[in-house]
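J.: Sharing model01.cif, mmCIF, C-alpha atoms and all ligand atoms:
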```cif
data_run
#
loop_
_atom_site.label_atom_id
_atom_site.label_comp_id
_atom_site.auth_asym_id
_atom_site.auth_seq_id
_atom_site.Cartn_x
_atom_site.Cartn_y
_atom_site.Cartn_z
CA MET A 1 62.90 75.67 154.86
CA ILE A 2 65.94 77.87 154.34
CA LEU A 3 64.97 81.55 154.13
CA PRO A 4 67.04 84.48 152.89
CA SER A 5 68.16 86.79 155.69
CA HIS A 6 65.41 89.40 155.20
CA LEU A 7 62.69 86.77 155.67
CA SER A 8 61.97 85.18 159.03
CA VAL A 9 59.26 83.45 161.02
CA ARG A 10 57.81 85.45 163.92
CA ASN A 11 54.95 84.27 166.08
CA GLY A 12 54.26 81.54 163.57
CA ARG A 13 53.97 83.97 160.65
CA LEU A 14 56.27 84.86 157.82
CA ALA A 15 57.89 88.28 158.17
CA ILE A 16 59.70 90.29 155.53
CA GLY A 17 62.09 92.72 157.17
CA GLU A 18 60.11 94.13 160.09
CA HIS A 19 56.75 93.42 158.48
CA ASP A 20 54.27 90.66 159.17
CA THR A 21 53.20 89.34 155.77
CA VAL A 22 49.72 88.39 156.97
CA ASP A 23 49.14 91.97 158.15
CA LEU A 24 50.39 93.26 154.78
CA ALA A 25 47.95 90.95 152.99
CA ARG A 26 45.16 92.20 155.22
CA GLN A 27 46.08 95.87 154.84
CA PHE A 28 46.66 95.94 151.07
CA GLY A 29 44.64 92.94 149.90
CA THR A 30 45.73 89.98 147.79
CA PRO A 31 47.21 89.08 145.44
CA LEU A 32 50.04 91.41 146.39
CA TYR A 33 53.66 91.82 145.39
CA VAL A 34 55.80 92.97 148.34
CA THR A 35 59.32 94.26 147.76
CA SER A 36 62.03 95.06 150.27
CA GLU A 37 63.95 98.16 149.23
CA ASP A 38 66.53 97.35 151.90
CA ARG A 39 67.21 93.98 150.30
CA ILE A 40 67.73 95.54 146.86
CA ARG A 41 70.27 97.94 148.40
CA GLU A 42 72.01 95.08 150.16
CA ASN A 43 72.15 93.05 146.94
CA PHE A 44 73.50 96.00 144.96
CA ASN A 45 76.24 96.66 147.51
CA ARG A 46 77.23 93.01 147.65
CA LEU A 47 77.49 92.55 143.88
CA SER A 48 79.10 95.86 143.09
CA GLY A 49 81.46 95.51 146.09
CA ALA A 50 82.59 92.06 144.92
CA LEU A 51 83.54 93.48 141.52
CA THR A 52 85.10 96.77 142.64
CA ALA A 53 87.28 94.83 145.08
CA HIS A 54 89.20 93.72 141.95
CA TYR A 55 89.00 96.83 139.76
CA PRO A 56 87.68 100.34 140.38
CA LYS A 57 86.26 101.08 136.94
CA ILE A 58 83.07 99.05 137.29
CA ARG A 59 79.68 100.24 136.12
CA VAL A 60 76.51 98.41 137.14
CA LEU A 61 73.70 98.70 134.60
CA TYR A 62 70.53 97.33 136.15
CA ALA A 63 68.73 95.08 133.64
CA ALA A 64 65.52 97.05 133.70
CA LYS A 65 63.39 94.24 132.27
CA ALA A 66 63.61 92.29 135.52
CA ASN A 67 61.42 94.69 137.47
CA GLY A 68 60.05 97.82 135.87
CA ASN A 69 58.58 99.60 138.85
CA LEU A 70 59.78 103.20 139.02
CA ALA A 71 60.40 102.86 142.76
CA VAL A 72 62.81 100.00 142.04
CA PHE A 73 64.56 102.10 139.39
CA ARG A 74 64.79 104.99 141.88
CA THR A 75 66.30 102.73 144.52
CA LEU A 76 68.98 101.54 142.12
CA ALA A 77 69.55 105.01 140.64
CA SER A 78 70.23 106.29 144.15
CA MET A 79 72.90 103.60 144.52
CA GLY A 80 74.63 104.82 141.38
CA ALA A 81 73.33 102.21 138.96
CA GLY A 82 72.67 102.88 135.31
CA ALA A 83 70.48 100.59 133.25
CA ASP A 84 70.38 98.15 130.39
CA VAL A 85 67.28 99.33 128.52
CA PHE A 86 65.40 97.50 125.78
CA SER A 87 62.57 99.85 124.88
CA ALA A 88 61.37 103.44 124.91
CA GLY A 89 59.41 102.59 128.06
CA GLU A 90 62.51 101.43 129.88
CA VAL A 91 64.35 104.56 128.72
CA ALA A 92 61.55 106.74 130.09
CA LEU A 93 61.54 104.95 133.44
CA ALA A 94 65.32 105.05 133.77
CA LEU A 95 65.46 108.78 133.01
CA ALA A 96 62.49 109.48 135.31
CA SER A 97 64.33 107.70 138.11
CA GLY A 98 67.25 110.10 137.78
CA MET A 99 69.63 107.88 135.81
CA ARG A 100 71.72 109.87 133.34
CA PRO A 101 71.51 109.04 129.61
CA GLU A 102 75.23 108.25 129.58
CA SER A 103 74.72 105.53 132.18
CA LEU A 104 72.25 103.65 129.95
CA LEU A 105 72.86 101.16 127.17
CA PHE A 106 70.10 100.68 124.60
CA ASN A 107 70.04 96.95 123.86
CA GLY A 108 67.97 94.65 121.72
CA SER A 109 68.03 92.72 118.47
CA SER A 110 65.01 94.39 116.90
CA LYS A 111 65.00 98.13 117.49
CA THR A 112 62.45 100.31 115.75
CA PRO A 113 63.31 103.49 113.87
CA SER A 114 61.86 105.44 116.79
CA ASP A 115 64.04 103.52 119.30
CA LEU A 116 67.12 104.52 117.30
CA ALA A 117 65.94 108.14 117.02
CA LEU A 118 65.30 108.23 120.76
CA ALA A 119 68.79 106.96 121.57
CA VAL A 120 70.26 109.61 119.26
CA GLU A 121 68.11 112.37 120.72
CA LYS A 122 68.87 111.51 124.35
CA GLY A 123 72.55 110.68 123.85
CA ILE A 124 72.15 107.05 124.94
CA ARG A 125 74.79 104.56 123.87
CA VAL A 126 73.53 101.76 121.68
CA SER A 127 74.48 98.11 121.58
CA VAL A 128 74.13 97.46 117.87
CA ASP A 129 72.94 93.98 116.99
CA SER A 130 73.43 93.83 113.20
CA PRO A 131 75.09 95.68 110.29
CA ASP A 132 71.61 96.62 109.06
CA GLU A 133 70.85 98.30 112.37
CA LEU A 134 74.26 100.00 112.26
CA ARG A 135 73.42 101.68 108.96
CA GLN A 136 69.99 102.72 110.22
CA LEU A 137 71.50 104.19 113.37
CA ASP A 138 74.16 106.08 111.43
CA ALA A 139 71.45 107.52 109.20
CA ALA A 140 69.32 108.52 112.20
CA ALA A 141 72.30 110.22 113.83
CA ALA A 142 73.19 111.99 110.57
CA MET A 143 69.62 113.33 110.37
CA ALA A 144 69.96 114.75 113.86
CA GLY A 145 73.47 116.06 113.18
CA LYS A 146 74.86 113.95 116.03
CA THR A 147 77.28 111.11 116.65
CA VAL A 148 76.30 108.09 118.75
CA ASP A 149 78.68 106.00 120.84
CA ILE A 150 78.10 102.34 120.18
CA ALA A 151 79.13 98.84 121.09
CA PHE A 152 78.38 95.73 119.08
CA ARG A 153 76.66 92.82 120.72
CA VAL A 154 78.96 89.88 120.26
CA ASN A 155 77.55 86.38 119.91
CA PRO A 156 80.26 84.33 121.64
CA ALA A 157 78.74 80.90 120.85
CA ILE A 158 78.85 79.76 124.46
CA GLU A 159 76.66 77.02 125.90
CA VAL A 160 75.27 77.79 129.33
CA PRO A 161 73.58 75.52 131.85
CA THR A 162 70.15 77.17 132.00
CA HIS A 163 66.68 76.90 130.46
CA PRO A 164 67.09 76.93 126.64
CA LYS A 165 64.65 79.82 126.30
CA ILE A 166 66.95 82.11 128.26
CA ALA A 167 70.35 81.05 126.91
CA THR A 168 71.24 84.02 124.71
CA GLY A 169 74.85 83.48 123.69
CA LEU A 170 74.40 80.20 121.80
CA ALA A 171 75.64 80.16 118.23
CA THR A 172 72.00 79.56 117.22
CA SER A 173 70.48 82.40 119.26
CA LYS A 174 68.91 85.46 117.65
CA PHE A 175 71.20 87.83 119.53
CA GLY A 176 74.41 89.46 118.48
CA ILE A 177 76.92 89.25 115.72
CA PRO A 178 78.91 86.02 115.32
CA ALA A 179 82.58 86.27 116.25
CA GLY A 180 83.51 85.64 112.60
CA GLN A 181 81.64 88.78 111.45
CA ILE A 182 82.36 91.10 114.32
CA LEU A 183 85.51 92.71 112.97
CA ASP A 184 83.85 93.58 109.69
CA ALA A 185 81.07 95.21 111.68
CA TYR A 186 83.57 97.37 113.61
CA ARG A 187 85.37 98.19 110.35
CA GLU A 188 82.15 99.34 108.79
CA ALA A 189 81.32 101.43 111.87
CA LEU A 190 84.73 103.10 111.70
CA ALA A 191 84.04 104.09 108.13
CA LEU A 192 80.71 105.70 109.05
CA GLU A 193 80.57 109.29 110.24
CA HIS A 194 77.85 109.32 112.85
CA VAL A 195 78.60 106.26 114.92
CA ASN A 196 81.55 105.95 117.21
CA PRO A 197 82.45 102.36 118.12
CA ILE A 198 83.87 102.49 121.63
CA GLY A 199 82.53 99.40 123.37
CA ILE A 200 82.03 95.66 123.28
CA HIS A 201 78.84 94.06 124.56
CA CYS A 202 77.73 90.53 125.28
CA HIS A 203 75.14 88.71 127.38
CA ILE A 204 75.24 84.93 127.48
CA GLY A 205 71.99 84.12 129.23
CA SER A 206 70.10 84.21 132.48
CA GLN A 207 69.82 82.17 135.69
CA ILE A 208 73.30 80.71 135.22
CA LEU A 209 74.48 78.79 138.27
CA ALA A 210 78.09 78.30 137.18
CA VAL A 211 80.91 80.82 136.82
CA GLU A 212 82.96 79.14 134.07
CA PRO A 213 80.75 80.33 131.19
CA PHE A 214 81.24 83.93 132.31
CA ALA A 215 85.01 83.48 132.41
CA ARG A 216 84.94 81.99 128.89
CA GLU A 217 82.78 84.92 127.76
CA VAL A 218 85.32 87.43 129.07
CA GLU A 219 88.06 85.50 127.27
CA VAL A 220 86.12 85.92 124.00
CA LEU A 221 85.56 89.64 124.62
CA ILE A 222 89.23 90.21 125.38
CA GLY A 223 89.93 88.57 122.00
CA VAL A 224 87.57 91.06 120.33
CA ALA A 225 89.32 93.90 122.19
CA ARG A 226 92.66 92.67 120.85
CA ASP A 227 91.33 92.80 117.29
CA LEU A 228 89.82 96.22 117.87
CA ILE A 229 93.10 97.64 119.02
CA GLU A 230 94.58 96.43 115.75
CA LEU A 231 91.89 98.44 113.98
CA GLY A 232 93.00 101.47 115.95
CA VAL A 233 90.12 101.50 118.44
CA ASP A 234 90.81 101.90 122.15
CA PRO A 235 87.81 100.17 123.79
CA LYS A 236 86.28 102.39 126.47
CA PHE A 237 84.00 99.73 127.93
CA ILE A 238 83.55 96.01 127.90
CA ASP A 239 80.04 95.00 128.94
CA ILE A 240 79.71 91.37 130.00
CA GLY A 241 75.93 91.48 130.48
CA GLY A 242 74.02 89.87 133.32
CA GLY A 243 72.95 86.34 134.01
CA LEU A 244 74.19 85.41 137.47
CA GLY A 245 71.60 83.01 138.88
CA ILE A 246 70.05 82.73 142.32
CA PRO A 247 69.29 79.59 144.36
CA TYR A 248 65.52 79.29 143.89
CA HIS A 249 65.86 75.82 145.50
CA ARG A 250 67.72 76.99 148.59
CA GLU A 251 67.91 73.44 149.94
CA THR A 252 69.66 71.97 146.90
CA ASP A 253 70.91 74.68 144.49
CA ARG A 254 74.55 75.60 144.67
CA ALA A 255 74.56 79.19 143.39
CA PRO A 256 77.83 81.07 142.91
CA THR A 257 78.24 84.00 145.28
CA PRO A 258 79.06 87.44 143.81
CA GLU A 259 82.55 86.97 145.22
CA GLU A 260 82.91 83.69 143.32
CA TYR A 261 81.54 85.32 140.17
CA ALA A 262 83.98 88.22 140.48
CA GLY A 263 86.75 85.76 141.38
CA ALA A 264 86.15 83.94 138.09
CA VAL A 265 85.71 86.83 135.68
CA MET A 266 87.96 89.54 137.06
CA PRO A 267 91.31 87.74 136.82
CA VAL A 268 90.60 86.91 133.15
CA PHE A 269 89.57 90.50 132.50
CA LEU A 270 92.51 92.03 134.36
CA ARG A 271 95.07 89.74 132.76
CA GLY A 272 93.60 90.50 129.34
CA ILE A 273 93.55 94.27 129.62
CA LYS A 274 97.01 94.34 131.15
CA GLU A 275 98.37 92.38 128.23
CA LEU A 276 96.65 94.74 125.81
CA GLY A 277 97.69 97.85 127.73
CA ILE A 278 94.16 99.23 127.98
CA GLU A 279 91.98 100.30 130.93
CA PRO A 280 88.37 100.09 129.79
CA GLU A 281 85.44 100.29 132.18
CA LEU A 282 83.91 96.91 132.96
CA TRP A 283 80.13 97.01 132.73
CA VAL A 284 77.77 94.39 134.10
CA GLU A 285 74.02 94.12 133.59
CA PRO A 286 72.55 92.18 136.50
CA GLY A 287 68.79 91.93 136.71
CA ARG A 288 67.73 88.86 138.65
CA TRP A 289 70.54 88.98 141.19
CA LEU A 290 69.63 92.50 142.30
CA VAL A 291 65.89 92.14 142.65
CA ALA A 292 64.64 88.52 142.59
CA ASP A 293 64.86 87.70 146.28
CA SER A 294 63.73 91.18 147.36
CA THR A 295 60.12 90.34 146.57
CA ILE A 296 57.41 87.90 147.58
CA LEU A 297 54.02 87.38 146.04
CA LEU A 298 51.26 87.00 148.63
CA THR A 299 48.25 85.06 147.48
CA ARG A 300 45.15 83.90 149.34
CA VAL A 301 43.79 80.39 149.32
CA ASN A 302 40.30 80.53 147.80
CA SER A 303 39.52 76.86 148.23
CA VAL A 304 41.15 73.53 148.91
CA LYS A 305 40.25 70.43 146.97
CA THR A 306 41.31 66.80 147.06
CA ALA A 307 40.87 65.21 143.65
CA HIS A 308 43.55 62.86 142.29
CA LYS A 309 45.73 64.95 144.56
CA ALA A 310 45.34 67.97 146.82
CA PHE A 311 45.06 71.42 145.29
CA ALA A 312 45.25 74.77 147.02
CA ASN A 313 43.46 77.16 144.66
CA VAL A 314 44.89 80.61 145.18
CA ASP A 315 44.11 84.06 143.80
CA ALA A 316 47.37 84.52 141.83
CA GLY A 317 48.22 82.47 138.76
CA PHE A 318 50.38 82.72 135.70
CA ASN A 319 48.72 86.04 134.96
CA LEU A 320 50.87 87.42 137.80
CA LEU A 321 53.84 85.03 137.86
CA VAL A 322 54.40 83.21 134.59
CA ARG A 323 57.83 81.74 135.32
CA PRO A 324 56.65 78.33 136.60
CA THR A 325 54.39 77.92 133.57
CA MET A 326 56.80 79.33 131.01
CA TYR A 327 60.11 77.85 132.16
CA ASP A 328 59.01 75.16 134.64
CA SER A 329 60.69 77.36 137.22
CA TYR A 330 60.70 76.49 140.88
CA HIS A 331 59.63 79.11 143.44
CA ALA A 332 59.58 78.21 147.11
CA VAL A 333 56.21 78.69 148.81
CA VAL A 334 55.47 79.30 152.49
CA ALA A 335 52.12 79.18 154.26
CA ALA A 336 52.56 82.69 155.63
CA ASN A 337 50.02 82.43 158.46
CA LYS A 338 51.14 78.89 159.42
CA ALA A 339 54.85 79.37 158.90
CA ASP A 340 55.97 77.12 161.73
CA ALA A 341 53.21 74.52 161.46
CA PRO A 342 54.43 71.07 160.42
CA ALA A 343 54.32 70.25 156.70
CA VAL A 344 51.89 67.35 156.66
CA GLN A 345 50.27 67.29 153.25
CA GLU A 346 51.39 67.56 149.64
CA TYR A 347 49.61 70.29 147.65
CA SER A 348 49.82 71.79 144.23
CA VAL A 349 49.32 75.53 144.52
CA THR A 350 47.21 76.46 141.53
CA GLY A 351 45.98 79.78 140.21
CA PRO A 352 42.64 81.07 138.93
CA ILE A 353 43.49 80.91 135.22
CA CYS A 354 41.60 78.67 132.77
CA GLU A 355 44.58 76.51 131.88
CA THR A 356 45.93 73.28 133.34
CA GLY A 357 49.43 74.75 133.27
CA ASP A 358 48.43 77.39 135.80
CA ILE A 359 50.44 75.87 138.64
CA LEU A 360 52.57 78.14 140.82
CA ALA A 361 54.06 75.32 142.85
CA LYS A 362 53.75 71.60 142.20
CA ASP A 363 53.54 68.84 144.82
CA ARG A 364 54.85 70.74 147.83
CA MET A 365 54.69 69.57 151.40
CA LEU A 366 52.81 72.25 153.34
CA PRO A 367 50.83 72.55 156.57
CA GLU A 368 47.17 71.64 156.26
CA LEU A 369 45.61 74.50 154.31
CA ALA A 370 42.17 76.07 154.39
CA ALA A 371 40.37 78.86 152.57
CA GLY A 372 41.67 82.21 153.80
CA ASP A 373 45.26 81.06 154.36
CA ILE A 374 47.98 83.21 152.85
CA ILE A 375 50.69 81.66 150.69
CA ALA A 376 53.93 83.53 150.04
CA VAL A 377 55.69 82.75 146.79
CA LEU A 378 59.36 83.61 147.26
CA ASP A 379 61.94 85.12 144.92
CA ALA A 380 59.30 86.78 142.76
CA GLY A 381 61.05 90.14 142.25
CA ALA A 382 62.66 89.40 138.89
CA TYR A 383 60.50 88.69 135.83
CA GLY A 384 57.49 88.43 138.13
CA PHE A 385 55.25 91.48 137.89
CA ALA A 386 57.33 92.50 134.86
CA MET A 387 55.92 89.56 132.86
CA SER A 388 52.39 89.73 134.24
CA SER A 389 49.35 90.00 132.00
CA GLN A 390 45.66 90.71 132.14
CA TYR A 391 44.80 87.24 130.83
CA ASN A 392 41.26 86.14 131.66
CA SER A 393 40.60 89.90 132.02
CA ARG A 394 42.08 89.96 135.47
CA PRO A 395 43.36 93.37 136.51
CA ARG A 396 46.95 93.20 137.72
CA CYS A 397 47.52 93.35 141.47
CA ALA A 398 49.17 96.03 143.60
CA GLU A 399 52.84 96.25 144.53
CA VAL A 400 54.00 97.40 147.95
CA LEU A 401 57.46 98.68 148.81
CA LEU A 402 58.97 98.28 152.27
CA ALA A 403 61.85 100.30 153.70
CA GLY A 404 62.69 99.75 157.37
CA ASP A 405 59.38 100.00 159.22
CA LYS A 406 57.65 101.79 156.34
CA ALA A 407 55.28 100.15 153.89
CA ALA A 408 53.56 101.90 150.99
CA LEU A 409 52.06 101.18 147.61
CA MET A 410 54.44 101.50 144.70
CA ARG A 411 51.70 100.51 142.28
CA ARG A 412 47.99 100.46 142.92
CA ALA A 413 45.97 97.46 141.85
CA GLU A 414 44.35 97.79 138.45
CA THR A 415 40.57 97.90 138.29
CA VAL A 416 38.12 96.55 135.76
CA GLU A 417 37.91 100.11 134.42
CA ASP A 418 41.65 99.95 133.72
CA LEU A 419 40.97 96.93 131.53
CA THR A 420 38.46 98.72 129.35
CA ALA A 421 40.03 102.20 129.38
CA PRO A 422 42.23 101.70 126.27
CA MET A 423 39.49 99.95 124.33
CA VAL A 424 37.71 101.96 121.66
CA THR A 425 34.41 101.18 120.00
CA PRO A 426 34.69 100.73 116.23
CA PRO A 427 32.24 103.24 114.70
CA TRP A 428 29.96 100.57 113.24
CA GLN A 429 29.37 99.17 116.72
CA GLU A 430 28.35 102.47 118.24
N1 LIG B 501 71.43 92.01 129.75
C1 LIG B 501 70.68 91.65 128.71
C2 LIG B 501 71.05 92.13 127.38
C3 LIG B 501 69.57 90.81 128.89
O1 LIG B 501 68.83 90.46 127.86
C4 LIG B 501 69.24 90.36 130.20
C5 LIG B 501 68.10 89.49 130.42
C6 LIG B 501 70.04 90.79 131.27
C7 LIG B 501 71.13 91.61 131.01
C8 LIG B 501 69.76 90.41 132.69
O2 LIG B 501 69.87 89.06 132.95
P1 LIG B 501 69.75 88.54 134.48
O3 LIG B 501 70.91 89.13 135.25
O4 LIG B 501 68.47 89.02 135.02
O5 LIG B 501 69.83 87.09 134.35
N2 LIG B 501 62.24 85.98 131.90
C9 LIG B 501 63.35 85.08 132.18
C10 LIG B 501 64.68 85.79 132.12
C11 LIG B 501 64.91 86.52 130.83
C12 LIG B 501 66.18 87.31 130.78
C13 LIG B 501 66.20 88.22 129.61
N3 LIG B 501 67.36 89.03 129.50
C14 LIG B 501 63.11 84.44 133.54
O6 LIG B 501 62.10 84.71 134.16
O7 LIG B 501 63.92 83.63 133.99
#
```
Rewrite the structure from the file as structure tokens, please.
Ligand code: LLP

T.:
Amino acid sequence: MILPSHLSVRNGRLAIGEHDTVDLARQFGTPLYVTSEDRIRENFNRLSGALTAHYPKIRVLYAAKANGNLAVFRTLASMGAGADVFSAGEVALALASGMRPESLLFNGSSKTPSDLALAVEKGIRVSVDSPDELRQLDAAAAMAGKTVDIAFRVNPAIEVPTHPKIATGLATSKFGIPAGQILDAYREALALEHVNPIGIHCHIGSQILAVEPFAREVEVLIGVARDLIELGVDPKFIDIGGGLGIPYHRETDRAPTPEEYAGAVMPVFLRGIKELGIEPELWVEPGRWLVADSTILLTRVNSVKTAHKAFANVDAGFNLLVRPTMYDSYHAVVAANKADAPAVQEYSVTGPICETGDILAKDRMLPELAAGDIIAVLDAGAYGFAMSSQYNSRPRCAEVLLAGDKAALMRRAETVEDLTAPMVTPPWQE
């Protein structure tokens, strides 16, 4: 199996950085998310370096939804990242991590009145998703006696090769304002007193393993910039969103490198802005690319069963990693305590949840497994813990952060008391 450079096999066991994964499982218990801070830093430097090699005015806004642990935010804040935020919770985490309000963009197609008021209060720029929202935001800013800098989210009507549930720039998607309506939206914003249209925003989808759609997207956004200039607006930033995919199937996926991504989008961007005579900042919103491969999910084999085929029943299921169930996603799995044993038997690695779809990994060749073995599910750092649930009333597991030779909890495991703590007894049941 091909491993990313921060994973290795030592003495027959899977290691992450300097740490033996079986020891981590023993020390902290399973299931357990384990994240390498060093890998996040490496990923950030690689992606931001690839872009700044073409143009200095790059801003990286971490897509906070991918991994919401404060320690992950802090790591990225310390690298100079801002954040794409979608909720009051993500705003709170980003600010708590030390990110400045002006390095955040409040995104989303369905913001509440309190989301809009929060953006106004904190001075966070807003990506406005509809004319209705524009009017609400203007009113909220007027109430507070402030002006908010905004972008509009453009729907570029671009098809992308990814799972349909995470393609966001299709003409039929719920996000953004169609190209045919976008100028009217900017015109309306210019006529309002408390919003200041200074940016253009777009995000075409996630886990995209081709660079052409991004180049086409930038082409569309340059077109919007051209129209804006005619309206008298000098765009201060063009935000091309996130979406760069990673090779979950390392053996067969051909994933663009950050250099290839930058090599596809930057020439289109640079040619466009030169022609228009503008020098806006270029913003990107990577989530998955920064954090996915930094993290593994360690899960213990509870039992092994041979029925119509062989199952390894483990202690993590779609309650902790829903991607395989929700998007039929592939995550590589390694028998962490038998990492160099020959793969002799096909197993489905199945979780403890009461649904047939609770399969973390289907029909994988693995060493012969037994109760007590530790399975590592790779590339679990993006949309892993972030999309976990307490389904079947299972408390969520702990998360550990590694930096060099250090390992520490960045989230304790929930307890059964945590499940019941927010519940209140209706008076007639007392
Ligand atoms: N910007 C916006 C406005 C977004 O909605 C997203 C992701 C991103 C940036 C970051 O995209 P990334 O670089 O991570 O691809 N749960 C799904 C992915 C959903 C992505 C949602 N939006 C999954 O597990 O594959």

J.: Interatomic distance between atom CA of A:Ser109 and atom CA of A:Pro131?

T.: 11.2 Å

J.: Measure the distance from atom C12 of ligand LIG 501 (chain B) to atom CA of A:Gly199 in Å and round it to one decimal.

T.: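 Between atom C12 of ligand LIG 501 (chain B) and atom CA of A:Gly199 the gap works out to 21.6 Å.
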
J.: Using all atoms listed in the file, find each residue of chain A with at least one atom at most 6 Å away from an atom of ligand LIG 501 (chain B); report its shortest atom-to-atom pair and that distance in Å (one decimal), sort the rows by chain and rising residue number, and return the result as CSV.

T.:
```
residue,atom,partner,partner_atom,distance
A:Ala63,CA,B:LIG501,C8,4.9
A:Ala66,CA,B:LIG501,O4,5.9
A:Ile166,CA,B:LIG501,C11,5.5
A:His203,CA,B:LIG501,C2,5.3
A:Ser206,CA,B:LIG501,O5,3.4
A:Gln207,CA,B:LIG501,O5,5.1
A:Gly241,CA,B:LIG501,N1,4.6
A:Gly242,CA,B:LIG501,O3,3.7
A:Gly243,CA,B:LIG501,O5,3.2
A:Leu244,CA,B:LIG501,O3,5.4
A:Glu285,CA,B:LIG501,C7,4.6
A:Pro286,CA,B:LIG501,O3,3.7
A:Gly287,CA,B:LIG501,O4,3.4
A:Arg288,CA,B:LIG501,O4,3.7
A:Trp289,CA,B:LIG501,O3,6.0
A:Arg323,CA,B:LIG501,O6,5.3
A:Tyr383,CA,B:LIG501,O6,4.6
```

J.: In the coordinate frame of the file, compute which residues have an atom within 12 Å of (78.0, 92.2, 148.1) when using all atoms listed in the file, and state them as a ChimeraX atom specification.

T.: /A:39-53,257-262,289-290

J.: Residues at most 8 Å from stretch 324-334 of chain A, counting only C-alpha atoms, excluding those fewer than 3 positions away in the same chain, as a PyMOL selection string?

T.: chain A and resi 14+163+165+248-249+318+321+339+357-361+366+375-380
